[in-house]
file start.tsv (TSV, C-alpha atoms)
chain	number	residue	atom	x	y	z
A	1	MET	CA	4.29	-30.79	-2.16
A	2	HIS	CA	7.19	-29.94	0.05
A	3	ALA	CA	9.33	-29.33	-3.01
A	4	LEU	CA	6.76	-26.83	-4.28
A	5	PHE	CA	6.74	-25.05	-0.95
A	6	ASP	CA	10.53	-24.95	-0.82
A	7	ILE	CA	10.88	-23.60	-4.34
A	8	ALA	CA	8.25	-20.91	-3.74
A	9	ALA	CA	9.90	-19.94	-0.46
A	10	VAL	CA	13.34	-19.67	-2.07
A	11	VAL	CA	11.89	-17.54	-4.87
A	12	ALA	CA	10.20	-15.32	-2.30
A	13	ILE	CA	13.41	-14.83	-0.34
A	14	LEU	CA	15.47	-14.07	-3.46
A	15	ALA	CA	12.91	-11.59	-4.77
A	16	THR	CA	12.63	-9.86	-1.39
A	17	VAL	CA	16.40	-9.52	-1.09
A	18	ARG	CA	16.45	-7.94	-4.53
A	19	VAL	CA	13.64	-5.58	-3.43
A	20	ILE	CA	15.77	-4.32	-0.57
A	21	THR	CA	19.04	-4.08	-2.50
A	22	CYS	CA	17.70	-2.50	-5.67
A	23	LEU	CA	18.53	1.17	-5.89
A	24	ASN	CA	15.97	1.83	-8.57
A	25	PRO	CA	12.37	2.01	-7.32
A	26	VAL	CA	10.89	0.61	-10.51
A	27	HIS	CA	13.16	-2.42	-10.43
A	28	ALA	CA	12.40	-2.93	-6.75
A	29	LEU	CA	8.71	-2.77	-7.61
A	30	LEU	CA	9.11	-5.51	-10.21
A	31	TYR	CA	10.81	-7.76	-7.70
A	32	LEU	CA	8.22	-6.91	-5.07
A	33	ILE	CA	5.43	-8.08	-7.35
A	34	VAL	CA	7.27	-11.35	-7.92
A	35	SER	CA	7.77	-11.69	-4.17
A	36	LEU	CA	4.08	-11.18	-3.48
A	37	LEU	CA	3.12	-13.76	-6.09
A	38	SER	CA	5.50	-16.31	-4.62
A	39	VAL	CA	4.17	-15.64	-1.13
A	40	ALA	CA	0.70	-16.26	-2.53
A	41	LEU	CA	1.91	-19.61	-3.79
A	42	VAL	CA	3.36	-20.35	-0.35
A	43	PHE	CA	-0.05	-19.60	1.13
A	44	PHE	CA	-1.63	-22.01	-1.32
A	45	THR	CA	0.75	-24.78	-0.41
A	46	LEU	CA	0.09	-24.10	3.25
A	47	GLY	CA	-3.57	-24.84	2.69
A	48	ALA	CA	-5.00	-21.34	2.54
A	49	PRO	CA	-6.34	-20.88	-1.01
A	50	PHE	CA	-8.63	-18.00	-0.05
A	51	ILE	CA	-5.77	-16.01	1.39
A	52	ALA	CA	-3.66	-16.83	-1.66
A	53	ALA	CA	-6.34	-15.42	-3.95
A	54	LEU	CA	-6.68	-12.32	-1.76
A	55	GLU	CA	-2.93	-11.82	-1.81
A	56	VAL	CA	-2.86	-11.85	-5.59
A	57	ILE	CA	-5.94	-9.68	-6.00
A	58	ILE	CA	-5.37	-7.04	-3.32
A	59	TYR	CA	-1.61	-6.91	-2.84
A	60	ALA	CA	-0.32	-7.63	-6.31
A	61	GLY	CA	-3.39	-6.11	-7.90
A	62	SER	CA	-4.42	-2.92	-6.23
A	63	ILE	CA	-1.60	-1.91	-3.87
A	64	MET	CA	1.10	-2.48	-6.47
A	65	VAL	CA	-0.93	-0.54	-9.03
A	66	LEU	CA	-1.05	2.30	-6.51
A	67	PHE	CA	2.73	2.14	-6.10
A	68	VAL	CA	3.33	2.11	-9.86
A	69	PHE	CA	0.90	4.99	-10.32
A	70	VAL	CA	2.58	7.18	-7.73
A	71	ILE	CA	6.11	6.37	-8.87
A	72	MET	CA	5.25	7.12	-12.46
A	73	MET	CA	3.40	10.29	-11.44
A	74	LEU	CA	6.28	11.65	-9.40
A	75	ASN	CA	8.50	12.19	-12.40
A	76	LEU	CA	6.62	13.66	-15.27
A	77	GLY	CA	8.07	15.50	-18.19
A	78	ALA	CA	9.96	14.79	-21.37
A	79	LYS	CA	13.31	14.58	-19.59
A	80	THR	CA	12.32	11.54	-17.65
A	81	MET	CA	11.15	9.65	-20.68
A	82	GLU	CA	14.71	8.74	-21.51
A	83	GLU	CA	15.25	7.88	-17.90
A	84	GLU	CA	12.34	5.52	-17.86
A	85	ARG	CA	13.51	4.02	-21.10
A	86	THR	CA	16.80	3.21	-19.44
A	87	TRP	CA	14.95	1.87	-16.41
A	88	LEU	CA	12.89	-0.59	-18.39
A	89	LYS	CA	15.70	-2.05	-20.44
A	90	PRO	CA	15.05	-5.62	-21.51
A	91	LYS	CA	18.01	-6.70	-19.41
A	92	MET	CA	16.12	-5.74	-16.28
A	93	TRP	CA	13.26	-8.06	-17.11
A	94	ILE	CA	15.48	-11.13	-17.00
A	95	GLY	CA	15.68	-11.50	-13.22
A	96	PRO	CA	11.98	-11.11	-12.38
A	97	GLY	CA	11.11	-13.03	-15.53
A	98	ILE	CA	13.10	-16.08	-14.45
A	99	LEU	CA	11.57	-16.03	-10.97
A	100	ALA	CA	8.07	-15.56	-12.36
A	101	ALA	CA	8.65	-18.39	-14.84
A	102	ILE	CA	9.49	-20.68	-11.93
A	103	LEU	CA	6.25	-19.68	-10.25
A	104	ILE	CA	4.26	-20.23	-13.43
A	105	ALA	CA	5.78	-23.69	-13.77
A	106	GLU	CA	4.70	-24.49	-10.23
A	107	VAL	CA	1.17	-23.25	-10.86
A	108	ALA	CA	0.97	-25.29	-14.05
A	109	TYR	CA	2.14	-28.35	-12.14
A	110	LEU	CA	-0.50	-27.72	-9.50
A	111	LEU	CA	-3.23	-27.25	-12.09
A	112	LEU	CA	-2.30	-30.30	-14.14
A	113	GLY	CA	-1.71	-32.54	-11.17
A	114	SER	CA	-4.29	-33.71	-8.74
A	115	THR	CA	-5.09	-30.61	-6.76
A	116	ARG	CA	-7.07	-32.45	-4.15
A	117	ALA	CA	-4.15	-34.57	-3.10
A	118	ALA	CA	-1.80	-31.63	-3.45
A	119	SER	CA	-2.67	-29.96	-0.19
A	120	ALA	CA	-0.55	-31.70	2.38
A	121	ARG	CA	-2.32	-30.30	5.39
A	122	ALA	CA	-6.02	-29.89	5.93
A	123	ALA	CA	-7.01	-26.87	3.92
A	124	VAL	CA	-8.90	-24.15	5.73
A	125	GLY	CA	-11.46	-23.09	3.20
A	126	PRO	CA	-13.04	-19.69	2.71
A	127	LYS	CA	-16.24	-20.83	4.38
A	128	GLN	CA	-14.50	-21.46	7.68
A	129	VAL	CA	-12.69	-18.15	7.40
A	130	GLY	CA	-15.94	-16.34	6.74
A	131	MET	CA	-17.74	-18.03	9.59
A	132	SER	CA	-14.94	-17.11	11.96
A	133	LEU	CA	-14.61	-13.59	10.55
A	134	TYR	CA	-18.24	-12.67	11.09
A	135	GLY	CA	-18.57	-14.69	14.26
A	136	PRO	CA	-16.10	-13.98	17.06
A	137	TYR	CA	-14.14	-11.41	15.04
A	138	LEU	CA	-17.01	-9.08	14.24
A	139	ILE	CA	-15.52	-6.27	16.32
A	140	GLY	CA	-12.31	-6.64	14.36
A	141	VAL	CA	-14.18	-6.25	11.10
A	142	GLU	CA	-15.81	-3.08	12.39
A	143	LEU	CA	-12.45	-1.74	13.52
A	144	ALA	CA	-10.94	-2.52	10.12
A	145	SER	CA	-13.75	-0.63	8.41
A	146	MET	CA	-13.19	2.33	10.71
A	147	LEU	CA	-9.47	2.19	9.93
A	148	LEU	CA	-10.10	2.16	6.19
A	149	LEU	CA	-12.52	5.06	6.49
A	150	GLY	CA	-9.96	7.00	8.48
A	151	ALA	CA	-7.31	6.22	5.89
A	152	LEU	CA	-9.63	7.43	3.14
A	153	VAL	CA	-10.35	10.72	4.87
A	154	GLY	CA	-6.70	11.16	5.88
A	155	ALA	CA	-5.38	10.51	2.40
A	156	TYR	CA	-7.84	12.97	0.92
A	157	HIS	CA	-7.00	15.58	3.53
A	158	VAL	CA	-3.27	15.24	3.01
A	159	SER	CA	-3.32	15.23	-0.75
A	160	ALA	CA	-6.00	17.88	-1.21
A	161	ARG	CA	-5.01	21.15	-2.78
A	162	LYS	CA	-5.07	24.30	-0.76
A	163	ARG	CA	-8.72	25.16	-0.80
A	164	GLU	CA	-8.63	27.91	1.80
A	165	GLN	CA	-7.18	30.59	-0.45
A	166	PRO	CA	-10.56	32.20	-1.36
A	167	GLU	CA	-11.56	32.23	2.27
A	168	ILE	CA	-8.39	34.04	3.28
A	169	ARG	CA	-8.92	36.56	0.51
A	170	ASN	CA	-12.46	37.14	1.72
A	171	VAL	CA	-11.20	37.72	5.22
A	172	THR	CA	-8.62	40.23	4.02
A	173	ASP	CA	-11.25	41.87	1.91
A	174	THR	CA	-13.44	42.22	4.95
A	175	ASN	CA	-10.59	43.73	6.90
A	176	ALA	CA	-9.82	46.15	4.09
A	177	THR	CA	-13.42	47.25	3.92
A	178	ARG	CA	-13.51	47.71	7.64
A	179	THR	CA	-10.41	49.84	7.71
A	180	ALA	CA	-11.66	51.77	4.72
A	181	ALA	CA	-14.98	52.39	6.36
A	182	GLY	CA	-13.24	53.44	9.54
A	183	ARG	CA	-15.51	51.53	11.80
A	184	ASP	CA	-16.56	48.04	12.61
A	185	LEU	CA	-18.75	46.37	10.14
A	186	ILE	CA	-20.12	44.14	12.81
A	187	ARG	CA	-21.84	45.79	15.69
A	188	THR	CA	-20.34	44.05	18.62
A	189	GLY	CA	-22.35	43.40	21.69
A	190	THR	CA	-21.79	44.68	25.15
A	191	GLY	CA	-18.72	42.54	25.79
A	192	GLY	CA	-16.89	43.29	22.58
A	193	PRO	CA	-14.16	45.85	22.15
A	194	SER	CA	-16.25	48.60	20.71
A	195	ARG	CA	-14.36	51.15	18.71
A	196	ALA	CA	-17.35	53.22	17.69
A	197	ALA	CA	-17.05	56.81	18.83
B	1	MET	CA	7.85	-0.70	0.16
B	2	SER	CA	9.88	-2.22	2.99
B	3	ILE	CA	6.91	-1.79	5.27
B	4	GLU	CA	4.96	-3.83	2.77
B	5	VAL	CA	7.57	-6.57	3.00
B	6	MET	CA	7.46	-6.53	6.79
B	7	LEU	CA	3.66	-6.62	6.95
B	8	ASN	CA	3.70	-9.45	4.46
B	9	ALA	CA	6.12	-11.38	6.67
B	10	ALA	CA	3.85	-10.88	9.66
B	11	GLY	CA	0.89	-12.11	7.63
B	12	LEU	CA	2.88	-15.14	6.51
B	13	ALA	CA	3.64	-15.97	10.13
B	14	PHE	CA	-0.04	-15.68	11.03
B	15	VAL	CA	-1.17	-17.90	8.19
B	16	THR	CA	1.51	-20.48	8.94
B	17	ALA	CA	0.48	-20.65	12.57
B	18	GLY	CA	-3.17	-20.92	11.60
B	19	SER	CA	-2.35	-23.69	9.17
B	20	ARG	CA	-0.28	-25.54	11.74
B	21	TRP	CA	-3.23	-25.91	14.07
B	22	SER	CA	-5.72	-25.88	11.16
B	23	GLN	CA	-7.61	-22.96	12.60
B	24	PRO	CA	-9.09	-20.11	10.54
B	25	ASP	CA	-7.92	-17.50	13.06
B	26	GLY	CA	-4.60	-17.02	11.31
B	27	GLN	CA	-6.29	-16.19	8.03
B	28	VAL	CA	-8.65	-13.79	9.77
B	29	MET	CA	-5.65	-12.01	11.25
B	30	PHE	CA	-4.10	-11.88	7.80
B	31	LEU	CA	-7.22	-10.13	6.54
B	32	PHE	CA	-6.72	-7.50	9.24
B	33	VAL	CA	-3.06	-7.16	8.27
B	34	LEU	CA	-4.21	-6.66	4.69
B	35	ALA	CA	-6.60	-3.88	5.69
B	36	THR	CA	-3.88	-2.20	7.73
B	37	ALA	CA	-1.45	-2.39	4.83
B	38	ALA	CA	-3.99	-0.86	2.46
B	39	ALA	CA	-4.70	2.03	4.83
B	40	GLU	CA	-1.01	2.62	5.48
B	41	VAL	CA	-0.18	2.60	1.79
B	42	SER	CA	-2.86	5.14	0.92
B	43	VAL	CA	-1.85	7.59	3.64
B	44	GLY	CA	1.86	7.06	3.02
B	45	LEU	CA	1.64	7.67	-0.69
B	46	ALA	CA	-0.46	10.78	-0.12
B	47	LEU	CA	2.23	12.07	2.25
B	48	LEU	CA	4.86	11.23	-0.37
B	49	LEU	CA	3.03	13.23	-3.03
B	50	LYS	CA	2.66	16.17	-0.67
B	51	LEU	CA	6.35	16.06	0.21
B	52	TYR	CA	7.30	15.94	-3.44
B	53	HIS	CA	5.09	18.90	-4.28
B	54	GLN	CA	6.58	20.94	-1.49
B	55	GLN	CA	10.22	19.97	-1.70
B	56	LYS	CA	10.55	18.94	-5.35
B	57	SER	CA	12.56	16.03	-4.05
B	58	LEU	CA	11.99	12.68	-2.45
B	59	ASP	CA	14.94	12.94	-0.10
B	60	ALA	CA	13.74	12.58	3.44
B	61	ASP	CA	16.60	14.77	4.66
B	62	ALA	CA	15.17	17.66	2.69
B	63	ALA	CA	12.21	17.64	5.04
B	64	SER	CA	14.39	18.16	8.09
B	65	GLN	CA	13.05	21.68	8.47
B	66	MET	CA	9.86	20.16	9.79
B	67	LYS	CA	11.44	19.61	13.18
B	68	GLY	CA	10.56	21.71	16.12

call {"tool": "encode", "arguments": {"input": "start.tsv", "output": "structure tokens"}}
result
Amino acid sequence: MHALFDIAAVVAILATVRVITCLNPVHALLYLIVSLLSVALVFFTLGAPFIAALEVIIYAGSIMVLFVFVIMMLNLGAKTMEEERTWLKPKMWIGPGILAAILIAEVAYLLLGSTRAASARAAVGPKQVGMSLYGPYLIGVELASMLLLGALVGAYHVSARKREQPEIRNVTDTNATRTAAGRDLIRTGTGGPSRAA
Amino acid sequence: MSIEVMLNAAGLAFVTAGSRWSQPDGQVMFLFVLATAAAEVSVGLALLLKLYHQQKSLDADAASQMKG
């Protein structure tokens, strides 16, 4: 069990070092996925299978897909096709492939062996986590939901196209009509700067 | 990407501590770290897309005119 933990930890450290030192974002992304998977295996050996599953599903599943999507969207065009072809040379798959093969071997060993006796420490199951999450940490859950909602609105606001162009044109149109008419379109009240002769 | 690595390290520390004393609190904290990472990634990538559309470059030095 300790050997599994050590191997997974070494794989995680190697993959993370390659993430930092890679100059190419796509290569760094490959190593980052391997690093997340090995950290998930470390979680499993630490007796947290629920967190390990969440790590694979959310981190390596959705967040990495988001990264890949954005990186591939940032360079469109026919020119970058050759570039991407040079990025994804088969030589570049060797490093992450070896590390991922080590992880797969560990998972196969865990699945074939006796999983019950595999967990060295007392495993904290998902039921305990859920009971604690919706018990004393209920405020934290609410705060996390507020944070995610804020992130949703913020991401939409930042990445939205400029939608105020028609409004500005309407305002300029109104000004043009007012200057063309020579007087205020809106009858201002007593306090307003009245220009009517 | 490096922020992802750092948040992951923090989560690993939490889960290790929770496993050491066999308490579920560490895993709960890792769930919060996960939510924070997801929010940060969405906003950060949206900012990245906006910067690329404005500057046609991903160099952070090209955005130095934002100061002031």

call {"tool": "interface_residues", "arguments": {"input": "start.tsv", "of": "chain B", "to": "chain A", "cutoff": "7 Å", "atoms": "only C-alpha atoms", "output": "VMD selection string"}}
result
chain B and resid 16 19 22 24 27 to 28 32 35 38 to 39 42 to 43 46 to 47 50

call {"tool": "closest_residue", "arguments": {"input": "start.tsv", "among": "A:Ala3, A:Ile94, A:Leu111, A:Val56", "to": "Ile33 of chain A", "atoms": "all atoms listed in the file"}}
result
A:Val56

call {"tool": "atom_distance", "arguments": {"input": "start.tsv", "atom1": "atom CA of Ala13 of chain B", "atom2": "atom CA of Cys22 of chain A"}}
result
25.1 Å

call {"tool": "atom_distance", "arguments": {"input": "start.tsv", "atom1": "atom CA of Leu112 of chain A", "atom2": "atom CA of Leu4 of chain A"}}
result
13.8 Å

call {"tool": "atom_distance", "arguments": {"input": "start.tsv", "atom1": "atom CA of Leu14 of chain A", "atom2": "atom CA of Gly95 of chain A"}}
result
10.1 Å

call {"tool": "closest_residue", "arguments": {"input": "start.tsv", "among": "A:Met72, A:Leu41, A:Ala15, A:Leu30", "to": "Trp93 of chain A", "atoms": "all atoms listed in the file"}}
result
A:Leu30

call {"tool": "residues_around", "arguments": {"input": "start.tsv", "residues": "Ile3 of chain B", "least_positions_apart": "6", "cutoff": "10 Å", "atoms": "all atoms listed in the file", "output": "list in words"}}
result
Ala9, Ala37, Glu40 and Val41 of chain B
